[in-house]
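As provided, model-v9.txt (compact mmCIF, C-alpha atoms) reads as follows.
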# COMPACT_ATOMS: atom_id res chain seq x y z
CA MET A 1 17.61 -0.20 -22.99
CA LYS A 2 17.51 1.57 -19.62
CA TYR A 3 16.15 -0.13 -16.52
CA TYR A 4 14.56 1.38 -13.41
CA GLY A 5 14.26 -0.14 -9.95
CA GLY A 6 12.05 -0.13 -6.88
CA CYS A 7 12.98 -1.73 -3.56
CA ASP A 8 10.31 -2.13 -0.88
CA VAL A 9 11.89 -3.07 2.45
CA GLY A 10 9.03 -4.25 4.65
CA SER A 11 9.07 -5.41 8.26
CA THR A 12 8.40 -9.02 7.18
CA TYR A 13 9.26 -9.26 3.47
CA THR A 14 11.46 -7.28 1.10
CA LYS A 15 10.37 -6.92 -2.52
CA ALA A 16 12.21 -5.59 -5.56
CA VAL A 17 11.06 -4.82 -9.10
CA ILE A 18 12.89 -3.73 -12.24
CA LEU A 19 11.02 -2.03 -15.10
CA ASP A 20 12.16 -1.23 -18.62
CA GLU A 21 11.62 2.13 -20.36
CA ASN A 22 8.08 1.11 -21.35
CA GLY A 23 7.04 0.24 -17.79
CA LYS A 24 7.14 -3.53 -18.35
CA ILE A 25 8.20 -5.68 -15.36
CA CYS A 26 11.48 -7.35 -16.35
CA ALA A 27 12.34 -8.87 -12.96
CA ASP A 28 10.89 -9.15 -9.47
CA THR A 29 11.58 -10.95 -6.22
CA THR A 30 10.14 -11.35 -2.72
CA ILE A 31 12.40 -12.45 0.12
CA ARG A 32 11.99 -12.73 3.89
CA SER A 33 13.38 -9.56 5.50
CA LYS A 34 16.52 -9.88 7.60
CA ILE A 35 17.04 -8.08 10.92
CA ASN A 36 19.20 -5.56 9.07
CA SER A 37 17.15 -3.63 6.46
CA GLU A 38 20.25 -2.73 4.46
CA VAL A 39 21.14 -6.41 4.07
CA SER A 40 17.55 -7.16 2.99
CA ALA A 41 17.71 -4.45 0.32
CA LYS A 42 21.07 -5.65 -1.00
CA LEU A 43 19.94 -9.30 -1.25
CA ALA A 44 16.69 -8.44 -3.03
CA MET A 45 18.35 -6.07 -5.49
CA GLU A 46 21.13 -8.57 -6.27
CA GLU A 47 18.46 -11.09 -7.31
CA VAL A 48 16.61 -8.80 -9.70
CA LEU A 49 19.78 -7.25 -11.13
CA ASN A 50 21.07 -10.74 -11.97
CA LYS A 51 17.80 -11.55 -13.73
CA VAL A 52 18.23 -8.66 -16.18
CA GLY A 53 21.99 -9.14 -16.58
CA LEU A 54 23.17 -6.11 -14.60
CA LYS A 55 26.13 -6.26 -12.23
CA SER A 56 25.30 -3.26 -10.04
CA SER A 57 22.41 -0.97 -9.12
CA GLU A 58 24.56 1.87 -10.47
CA GLU A 59 23.66 0.62 -13.96
CA LEU A 60 20.00 1.45 -13.34
CA GLY A 61 18.60 4.70 -14.74
CA TYR A 62 17.06 5.47 -11.33
CA LEU A 63 16.21 3.57 -8.14
CA ILE A 64 13.72 4.37 -5.41
CA GLY A 65 13.48 2.82 -1.95
CA THR A 66 10.20 2.48 -0.07
CA GLY A 67 8.64 0.62 2.85
CA TYR A 68 9.43 0.31 6.54
CA GLY A 69 13.19 0.31 5.86
CA ARG A 70 13.26 2.79 2.95
CA ASN A 71 15.93 4.92 4.62
CA LYS A 72 18.21 1.87 4.69
CA VAL A 73 18.42 1.34 0.91
CA PRO A 74 21.98 2.69 0.49
CA PHE A 75 22.05 2.66 -3.32
CA ALA A 76 18.66 4.41 -3.83
CA ASP A 77 18.57 7.77 -5.59
CA GLU A 78 15.75 8.75 -3.19
CA ASN A 79 12.99 7.20 -1.10
CA ILE A 80 9.21 7.63 -1.25
CA SER A 81 6.61 6.50 1.31
CA GLU A 82 5.01 3.09 0.82
CA ILE A 83 1.57 4.76 0.82
CA SER A 84 2.42 6.67 -2.37
CA CYS A 85 4.14 3.66 -3.91
CA HIS A 86 1.23 1.28 -3.27
CA ALA A 87 -1.13 3.80 -4.87
CA MET A 88 1.08 4.12 -7.95
CA GLY A 89 1.67 0.37 -8.17
CA VAL A 90 -2.07 -0.34 -8.19
CA HIS A 91 -2.68 2.53 -10.63
CA VAL A 92 -0.29 1.17 -13.27
CA THR A 93 -1.67 -2.35 -12.75
CA ASP A 94 -5.35 -1.39 -12.96
CA PRO A 95 -6.19 2.33 -13.42
CA THR A 96 -9.88 1.65 -12.67
CA VAL A 97 -9.13 0.88 -9.00
CA LYS A 98 -9.55 3.91 -6.76
CA ALA A 99 -9.40 2.41 -3.24
CA ILE A 100 -6.91 0.12 -1.49
CA ILE A 101 -6.62 -1.68 1.82
CA ASP A 102 -2.94 -2.47 2.31
CA ILE A 103 -2.34 -5.10 4.98
CA GLY A 104 1.35 -5.20 5.77
CA GLY A 105 3.43 -7.09 8.29
CA GLN A 106 2.77 -4.64 11.11
CA ASP A 107 0.12 -2.12 10.01
CA VAL A 108 -3.07 -1.68 7.98
CA LYS A 109 -3.67 1.26 5.63
CA GLY A 110 -6.65 2.55 3.69
CA ILE A 111 -5.61 4.51 0.58
CA SER A 112 -7.66 6.54 -1.90
CA ILE A 113 -6.09 6.93 -5.37
CA ASP A 114 -6.42 10.01 -7.58
CA THR A 115 -6.72 9.86 -11.37
CA ASP A 116 -2.94 10.20 -11.87
CA GLY A 117 -1.99 7.49 -9.36
CA THR A 118 -1.16 9.87 -6.53
CA VAL A 119 -2.70 9.58 -3.05
CA LYS A 120 -5.97 11.40 -2.47
CA ASN A 121 -6.48 10.38 1.14
CA PHE A 122 -5.27 7.71 3.57
CA ALA A 123 -5.64 6.32 7.07
CA MET A 124 -3.30 4.01 8.94
CA ASN A 125 -3.54 1.73 11.96
CA ASP A 126 -0.01 1.15 13.24
CA LYS A 127 -0.80 1.11 16.97
CA CYS A 128 -1.91 -2.52 17.15
CA ALA A 129 -0.77 -5.69 15.37
CA ALA A 130 -4.28 -7.16 15.19
CA GLY A 131 -5.25 -7.84 11.59
CA THR A 132 -1.70 -7.50 10.21
CA GLY A 133 0.60 -10.07 8.63
CA ARG A 134 2.16 -10.84 12.00
CA PHE A 135 -1.33 -11.45 13.43
CA TYR A 136 -2.03 -14.00 10.70
CA GLU A 137 1.31 -15.71 11.31
CA ALA A 138 0.36 -16.05 14.99
CA MET A 139 -3.06 -17.46 14.06
CA ALA A 140 -1.53 -20.01 11.66
CA ARG A 141 0.84 -21.12 14.44
CA SER A 142 -2.15 -21.66 16.74
CA PHE A 143 -3.65 -24.01 14.14
CA GLU A 144 -0.26 -25.65 13.48
CA MET A 145 -0.69 -24.82 9.78
CA SER A 146 1.16 -22.96 7.07
CA LEU A 147 -0.18 -19.51 6.17
CA PRO A 148 -1.61 -20.69 2.80
CA GLU A 149 -3.42 -23.58 4.54
CA PHE A 150 -4.88 -21.26 7.15
CA SER A 151 -5.88 -18.68 4.52
CA ASN A 152 -8.20 -21.20 2.85
CA LEU A 153 -9.51 -22.90 6.01
CA SER A 154 -12.52 -20.61 6.57
CA LEU A 155 -13.84 -21.16 3.03
CA THR A 156 -15.47 -24.46 4.10
CA ALA A 157 -17.12 -23.07 7.27
CA LYS A 158 -20.90 -23.34 7.56
CA ASN A 159 -20.97 -21.20 10.74
CA VAL A 160 -18.80 -18.51 12.33
CA ILE A 161 -17.42 -18.70 15.86
CA PRO A 162 -16.83 -15.05 16.88
CA ILE A 163 -13.38 -14.06 18.15
CA THR A 164 -13.92 -11.36 20.78
CA ALA A 165 -10.32 -10.42 21.66
CA GLN A 166 -8.93 -7.42 19.76
CA CYS A 167 -5.31 -7.86 20.87
CA THR A 168 -3.11 -10.35 18.97
CA VAL A 169 -1.83 -11.94 22.18
CA PHE A 170 -5.31 -12.40 23.68
CA ALA A 171 -6.79 -13.49 20.34
CA GLU A 172 -4.11 -16.20 20.04
CA SER A 173 -4.93 -17.40 23.56
CA GLU A 174 -8.69 -17.38 22.75
CA VAL A 175 -8.10 -19.39 19.56
CA ILE A 176 -5.89 -21.96 21.36
CA THR A 177 -8.68 -22.42 23.95
CA LEU A 178 -11.34 -22.91 21.25
CA VAL A 179 -9.16 -25.42 19.39
CA GLY A 180 -8.53 -27.25 22.66
CA GLU A 181 -12.29 -27.44 23.26
CA GLY A 182 -12.65 -29.25 19.95
CA LYS A 183 -14.59 -26.49 18.18
CA PRO A 184 -14.64 -26.81 14.36
CA MET A 185 -11.37 -25.30 13.14
CA ASP A 186 -12.85 -23.88 9.95
CA GLU A 187 -15.51 -22.03 11.98
CA ILE A 188 -12.87 -20.58 14.32
CA ALA A 189 -10.89 -19.48 11.26
CA ALA A 190 -14.04 -17.85 9.85
CA GLY A 191 -14.38 -15.90 13.11
CA ILE A 192 -10.79 -14.67 12.79
CA GLN A 193 -11.34 -13.54 9.19
CA MET A 194 -14.55 -11.74 10.14
CA ALA A 195 -12.80 -9.95 13.04
CA VAL A 196 -10.08 -8.67 10.70
CA ALA A 197 -12.63 -7.64 8.05
CA LYS A 198 -14.48 -5.54 10.64
CA ARG A 199 -11.21 -3.80 11.53
CA CYS A 200 -10.84 -2.90 7.84
CA PHE A 201 -14.21 -1.11 7.81
CA VAL A 202 -12.88 2.30 8.92
CA MET A 203 -9.92 1.98 6.54
CA SER A 204 -12.22 1.31 3.61
CA LYS A 205 -14.30 4.40 4.44
CA LYS A 206 -11.17 6.56 4.65
CA ALA A 207 -10.10 5.13 1.28
CA GLY A 208 -13.38 6.37 -0.16
CA ALA A 209 -14.51 2.89 -1.25
CA THR A 210 -18.13 2.85 -2.41
CA ASP A 211 -18.58 -0.32 -4.44
CA ALA A 212 -15.13 -1.89 -4.96
CA ILE A 213 -11.70 -2.08 -3.37
CA THR A 214 -8.47 -3.97 -3.89
CA LEU A 215 -6.11 -5.53 -1.34
CA THR A 216 -2.34 -5.16 -1.40
CA GLY A 217 0.41 -6.69 0.72
CA GLY A 218 0.97 -10.35 1.47
CA CYS A 219 -2.42 -10.69 3.17
CA ALA A 220 -4.11 -9.91 -0.16
CA LYS A 221 -3.43 -13.56 -1.04
CA ASN A 222 -5.63 -14.66 1.86
CA ALA A 223 -8.76 -16.07 0.18
CA GLY A 224 -10.65 -16.28 3.47
CA LEU A 225 -10.00 -12.61 4.24
CA LYS A 226 -11.13 -11.57 0.77
CA GLN A 227 -14.41 -13.46 1.24
CA ALA A 228 -14.91 -11.93 4.72
CA ILE A 229 -14.27 -8.38 3.48
CA GLU A 230 -16.79 -8.81 0.66
CA HIS A 231 -19.33 -10.07 3.22
CA VAL A 232 -18.72 -7.48 5.96
CA LEU A 233 -17.91 -4.38 3.88
CA LYS A 234 -20.37 -5.21 1.06
CA LEU A 235 -17.65 -4.31 -1.44
CA LYS A 236 -16.34 -6.22 -4.43
CA VAL A 237 -12.67 -7.09 -3.93
CA ILE A 238 -10.84 -6.62 -7.25
CA ASP A 239 -8.08 -9.16 -7.94
CA LEU A 240 -4.95 -7.57 -9.40
CA LYS A 241 -3.23 -9.23 -12.36
CA THR A 242 0.18 -8.57 -10.81
CA ASP A 243 1.21 -10.08 -7.45
CA PRO A 244 -0.42 -7.76 -4.83
CA GLN A 245 2.59 -8.19 -2.57
CA LEU A 246 4.74 -6.42 -5.18
CA MET A 247 2.64 -3.23 -5.37
CA GLY A 248 4.95 -1.11 -3.21
CA ALA A 249 8.07 -2.13 -5.15
CA LEU A 250 6.24 -1.75 -8.47
CA GLY A 251 5.05 1.74 -7.56
CA ALA A 252 8.58 2.69 -6.47
CA ALA A 253 9.98 1.38 -9.77
CA GLU A 254 7.34 3.34 -11.75
CA TYR A 255 8.23 6.54 -9.88
CA ALA A 256 11.89 5.76 -10.64
CA ARG A 257 11.06 5.29 -14.34
CA GLN A 258 9.20 8.62 -14.48
CA LYS A 259 11.94 10.52 -12.67
CA GLY A 260 14.77 8.79 -14.53
CA MET A 261 13.28 9.45 -17.97
CA ALA A 262 12.51 13.06 -17.08
CA ARG A 263 16.13 13.54 -16.02
CA ALA A 264 17.57 11.89 -19.16
Please re-express this file's structure in structure tokens.
Amino acid sequence: MKYYGGCDVGSTYTKAVILDENGKICADTTIRSKINSEVSAKLAMEEVLNKVGLKSSEELGYLIGTGYGRNKVPFADENISEISCHAMGVHVTDPTVKAIIDIGGQDVKGISIDTDGTVKNFAMNDKCAAGTGRFYEAMARSFEMSLPEFSNLSLTAKNVIPITAQCTVFAESEVITLVGEGKPMDEIAAGIQMAVAKRCFVMSKKAGATDAITLTGGCAKNAGLKQAIEHVLKLKVIDLKTDPQLMGALGAAEYARQKGMARA
């Protein structure tokens, strides 16, 4: 049995996936990225290789690097952009999905998927951290909560307290002020989720979403954001059966499987 690998080195987390010849996920991992992208890639790949009983990435049929640090995956046969890999990862998970909003650690992307899993169109906001994973980490710190706790906080809100600041730094200051004033924390959280959902509007249009969309990246696990996007964008958010944070690594591994089997 041949195995194929994908390694997605993100700015916040590094993910790795190993597939078998039939495209089945045999191993996966998600680790916090180190300062050095090469070290992140090595640590993640060591984990998944151990899980399938391989000693080295050289034993893989093919390996593709992707993500923010894709050029720093020293053992990759080649690298492919995370936009293409997220599209392919979603396509092999659920071929009915044609539009993605990918919320990463430091950018937000809208991606339209073609019938073969390739990218039809995309848009990216990488000029501002508002609405990204780092933004949510800052918000959770303001509430003195873990990210999972904060992600669910807005679900109990009966009202929404609008957050007017667009910048992460100013938004954090605004939130701290509101918390200090004793405003209901769930309503402040609802305002934050709504602000991010509104920022996703342009991305969803660029992704060609008409009635449904899916979320990828770590922020896809944010239940409050999902609810806000469905409310603001009037789109059904499709839940993926595979961890949405793995989509980039899964897509890279699928590309590796296709290329490796074609070369064999």
Q.
For a test of reading the model, state the distance in Å between CA of Pro148 (chain A) and CA of Asn222 (chain A), rounded to one decimal.
A.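 Straight-line distance from CA of Pro148 (chain A) to CA of Asn222 (chain A) works out to 7.3 Å.
You will find CA of Ser154 (chain A) at 16.0 Å from CA of Phe135 (chain A).
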(Q) Residues within 8 Å of (-5.2, -3.9, 9.0), file coordinates, counting all atoms listed in the file: what are they? Give the list as a PyMOL selection string. (A) chain A and resi 101-104+107-109+125+129-132+196+199-200+203
Q) Any idea what the distance is between CA of Arg134 (chain A) and CA of Thr118 (chain A)? A)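 So the answer is 28.0 Å.
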(Q) Residues proximal to (-13.3, -15.4, 16.7) were defined as those with any atom within 6 Å of that point in the file's coordinates, counting all atoms listed in the file. Which are they, as a ChimeraX atom specification? (A) /A:161-164,188,191-192
Q: Mind checking which residues fall within 8 Å of Asn159 (chain A), counting only C-alpha atoms, ignoring those fewer than 2 positions away in the same chain, and posting them as a count of residues only?
A: 4
For region 97-131 of chain A, supply N, CA and C atoms and format the output as a PDB file, keeping the file's coordinate frame.
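Saved file out-v1.pdb follows:
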ATOM      1  N   VAL A  97      -9.043   1.028 -10.466  1.00  0.00           N
ATOM      2  CA  VAL A  97      -9.130   0.880  -9.000  1.00  0.00           C
ATOM      3  C   VAL A  97      -8.835   2.213  -8.328  1.00  0.00           C
ATOM      4  N   LYS A  98      -9.710   2.616  -7.423  1.00  0.00           N
ATOM      5  CA  LYS A  98      -9.550   3.910  -6.760  1.00  0.00           C
ATOM      6  C   LYS A  98      -9.396   3.800  -5.241  1.00  0.00           C
ATOM      7  N   ALA A  99      -9.497   2.579  -4.696  1.00  0.00           N
ATOM      8  CA  ALA A  99      -9.400   2.410  -3.240  1.00  0.00           C
ATOM      9  C   ALA A  99      -8.637   1.135  -2.902  1.00  0.00           C
ATOM     10  N   ILE A 100      -7.779   1.238  -1.891  1.00  0.00           N
ATOM     11  CA  ILE A 100      -6.910   0.120  -1.490  1.00  0.00           C
ATOM     12  C   ILE A 100      -6.990  -0.084   0.021  1.00  0.00           C
ATOM     13  N   ILE A 101      -6.978  -1.351   0.439  1.00  0.00           N
ATOM     14  CA  ILE A 101      -6.620  -1.680   1.820  1.00  0.00           C
ATOM     15  C   ILE A 101      -5.301  -2.435   1.729  1.00  0.00           C
ATOM     16  N   ASP A 102      -4.268  -1.854   2.309  1.00  0.00           N
ATOM     17  CA  ASP A 102      -2.940  -2.470   2.310  1.00  0.00           C
ATOM     18  C   ASP A 102      -2.694  -3.086   3.682  1.00  0.00           C
ATOM     19  N   ILE A 103      -2.584  -4.408   3.713  1.00  0.00           N
ATOM     20  CA  ILE A 103      -2.340  -5.100   4.980  1.00  0.00           C
ATOM     21  C   ILE A 103      -0.902  -5.590   4.983  1.00  0.00           C
ATOM     22  N   GLY A 104      -0.067  -4.865   5.713  1.00  0.00           N
ATOM     23  CA  GLY A 104       1.350  -5.200   5.770  1.00  0.00           C
ATOM     24  C   GLY A 104       1.685  -6.070   6.957  1.00  0.00           C
ATOM     25  N   GLY A 105       2.979  -6.242   7.193  1.00  0.00           N
ATOM     26  CA  GLY A 105       3.430  -7.090   8.290  1.00  0.00           C
ATOM     27  C   GLY A 105       3.064  -6.548   9.646  1.00  0.00           C
ATOM     28  N   GLN A 106       3.029  -5.193   9.778  1.00  0.00           N
ATOM     29  CA  GLN A 106       2.770  -4.640  11.110  1.00  0.00           C
ATOM     30  C   GLN A 106       1.781  -3.477  11.130  1.00  0.00           C
ATOM     31  N   ASP A 107       1.152  -3.159   9.996  1.00  0.00           N
ATOM     32  CA  ASP A 107       0.120  -2.120  10.010  1.00  0.00           C
ATOM     33  C   ASP A 107      -0.902  -2.360   8.899  1.00  0.00           C
ATOM     34  N   VAL A 108      -2.012  -1.622   8.978  1.00  0.00           N
ATOM     35  CA  VAL A 108      -3.070  -1.680   7.980  1.00  0.00           C
ATOM     36  C   VAL A 108      -3.348  -0.263   7.502  1.00  0.00           C
ATOM     37  N   LYS A 109      -3.441  -0.078   6.183  1.00  0.00           N
ATOM     38  CA  LYS A 109      -3.670   1.260   5.630  1.00  0.00           C
ATOM     39  C   LYS A 109      -4.861   1.242   4.685  1.00  0.00           C
ATOM     40  N   GLY A 110      -5.619   2.318   4.691  1.00  0.00           N
ATOM     41  CA  GLY A 110      -6.650   2.550   3.690  1.00  0.00           C
ATOM     42  C   GLY A 110      -6.169   3.693   2.813  1.00  0.00           C
ATOM     43  N   ILE A 111      -6.177   3.510   1.499  1.00  0.00           N
ATOM     44  CA  ILE A 111      -5.610   4.510   0.580  1.00  0.00           C
ATOM     45  C   ILE A 111      -6.603   4.797  -0.541  1.00  0.00           C
ATOM     46  N   SER A 112      -6.831   6.089  -0.785  1.00  0.00           N
ATOM     47  CA  SER A 112      -7.660   6.540  -1.900  1.00  0.00           C
ATOM     48  C   SER A 112      -6.747   7.052  -3.006  1.00  0.00           C
ATOM     49  N   ILE A 113      -6.969   6.588  -4.246  1.00  0.00           N
ATOM     50  CA  ILE A 113      -6.090   6.930  -5.370  1.00  0.00           C
ATOM     51  C   ILE A 113      -6.731   7.978  -6.267  1.00  0.00           C
ATOM     52  N   ASP A 114      -5.948   8.993  -6.634  1.00  0.00           N
ATOM     53  CA  ASP A 114      -6.420  10.010  -7.580  1.00  0.00           C
ATOM     54  C   ASP A 114      -6.241   9.514  -9.007  1.00  0.00           C
ATOM     55  N   THR A 115      -6.719  10.297  -9.969  1.00  0.00           N
ATOM     56  CA  THR A 115      -6.720   9.860 -11.370  1.00  0.00           C
ATOM     57  C   THR A 115      -5.325   9.675 -11.961  1.00  0.00           C
ATOM     58  N   ASP A 116      -4.310  10.321 -11.360  1.00  0.00           N
ATOM     59  CA  ASP A 116      -2.940  10.200 -11.870  1.00  0.00           C
ATOM     60  C   ASP A 116      -2.096   9.210 -11.073  1.00  0.00           C
ATOM     61  N   GLY A 117      -2.725   8.475 -10.157  1.00  0.00           N
ATOM     62  CA  GLY A 117      -1.990   7.490  -9.360  1.00  0.00           C
ATOM     63  C   GLY A 117      -1.426   8.025  -8.064  1.00  0.00           C
ATOM     64  N   THR A 118      -1.622   9.311  -7.802  1.00  0.00           N
ATOM     65  CA  THR A 118      -1.160   9.870  -6.530  1.00  0.00           C
ATOM     66  C   THR A 118      -2.203   9.615  -5.439  1.00  0.00           C
ATOM     67  N   VAL A 119      -1.820   9.859  -4.193  1.00  0.00           N
ATOM     68  CA  VAL A 119      -2.700   9.580  -3.050  1.00  0.00           C
ATOM     69  C   VAL A 119      -3.664  10.752  -2.815  1.00  0.00           C
ATOM     70  N   LYS A 120      -4.937  10.403  -2.748  1.00  0.00           N
ATOM     71  CA  LYS A 120      -5.970  11.400  -2.470  1.00  0.00           C
ATOM     72  C   LYS A 120      -6.179  11.550  -0.973  1.00  0.00           C
ATOM     73  N   ASN A 121      -6.246  10.399  -0.300  1.00  0.00           N
ATOM     74  CA  ASN A 121      -6.480  10.380   1.140  1.00  0.00           C
ATOM     75  C   ASN A 121      -6.003   9.034   1.695  1.00  0.00           C
ATOM     76  N   PHE A 122      -5.660   8.994   2.981  1.00  0.00           N
ATOM     77  CA  PHE A 122      -5.270   7.710   3.570  1.00  0.00           C
ATOM     78  C   PHE A 122      -5.485   7.710   5.068  1.00  0.00           C
ATOM     79  N   ALA A 123      -5.579   6.512   5.616  1.00  0.00           N
ATOM     80  CA  ALA A 123      -5.640   6.320   7.070  1.00  0.00           C
ATOM     81  C   ALA A 123      -4.776   5.120   7.392  1.00  0.00           C
ATOM     82  N   MET A 124      -4.208   5.120   8.589  1.00  0.00           N
ATOM     83  CA  MET A 124      -3.300   4.010   8.940  1.00  0.00           C
ATOM     84  C   MET A 124      -3.516   3.594  10.388  1.00  0.00           C
ATOM     85  N   ASN A 125      -3.520   2.284  10.608  1.00  0.00           N
ATOM     86  CA  ASN A 125      -3.540   1.730  11.960  1.00  0.00           C
ATOM     87  C   ASN A 125      -2.198   1.058  12.198  1.00  0.00           C
ATOM     88  N   ASP A 126      -1.316   1.741  12.931  1.00  0.00           N
ATOM     89  CA  ASP A 126      -0.010   1.150  13.240  1.00  0.00           C
ATOM     90  C   ASP A 126       0.193   1.024  14.753  1.00  0.00           C
ATOM     91  N   LYS A 127      -0.906   1.165  15.512  1.00  0.00           N
ATOM     92  CA  LYS A 127      -0.800   1.110  16.970  1.00  0.00           C
ATOM     93  C   LYS A 127      -1.003  -0.298  17.516  1.00  0.00           C
ATOM     94  N   CYS A 128      -1.580  -1.172  16.690  1.00  0.00           N
ATOM     95  CA  CYS A 128      -1.910  -2.520  17.150  1.00  0.00           C
ATOM     96  C   CYS A 128      -1.639  -3.515  16.029  1.00  0.00           C
ATOM     97  N   ALA A 129      -1.119  -4.682  16.380  1.00  0.00           N
ATOM     98  CA  ALA A 129      -0.770  -5.690  15.370  1.00  0.00           C
ATOM     99  C   ALA A 129      -1.957  -6.523  14.910  1.00  0.00           C
ATOM    100  N   ALA A 130      -3.107  -6.364  15.560  1.00  0.00           N
ATOM    101  CA  ALA A 130      -4.280  -7.160  15.190  1.00  0.00           C
ATOM    102  C   ALA A 130      -4.659  -6.902  13.740  1.00  0.00           C
ATOM    103  N   GLY A 131      -4.837  -7.973  12.990  1.00  0.00           N
ATOM    104  CA  GLY A 131      -5.250  -7.840  11.590  1.00  0.00           C
ATOM    105  C   GLY A 131      -4.106  -7.649  10.619  1.00  0.00           C
TER     106      GLY A 131
END
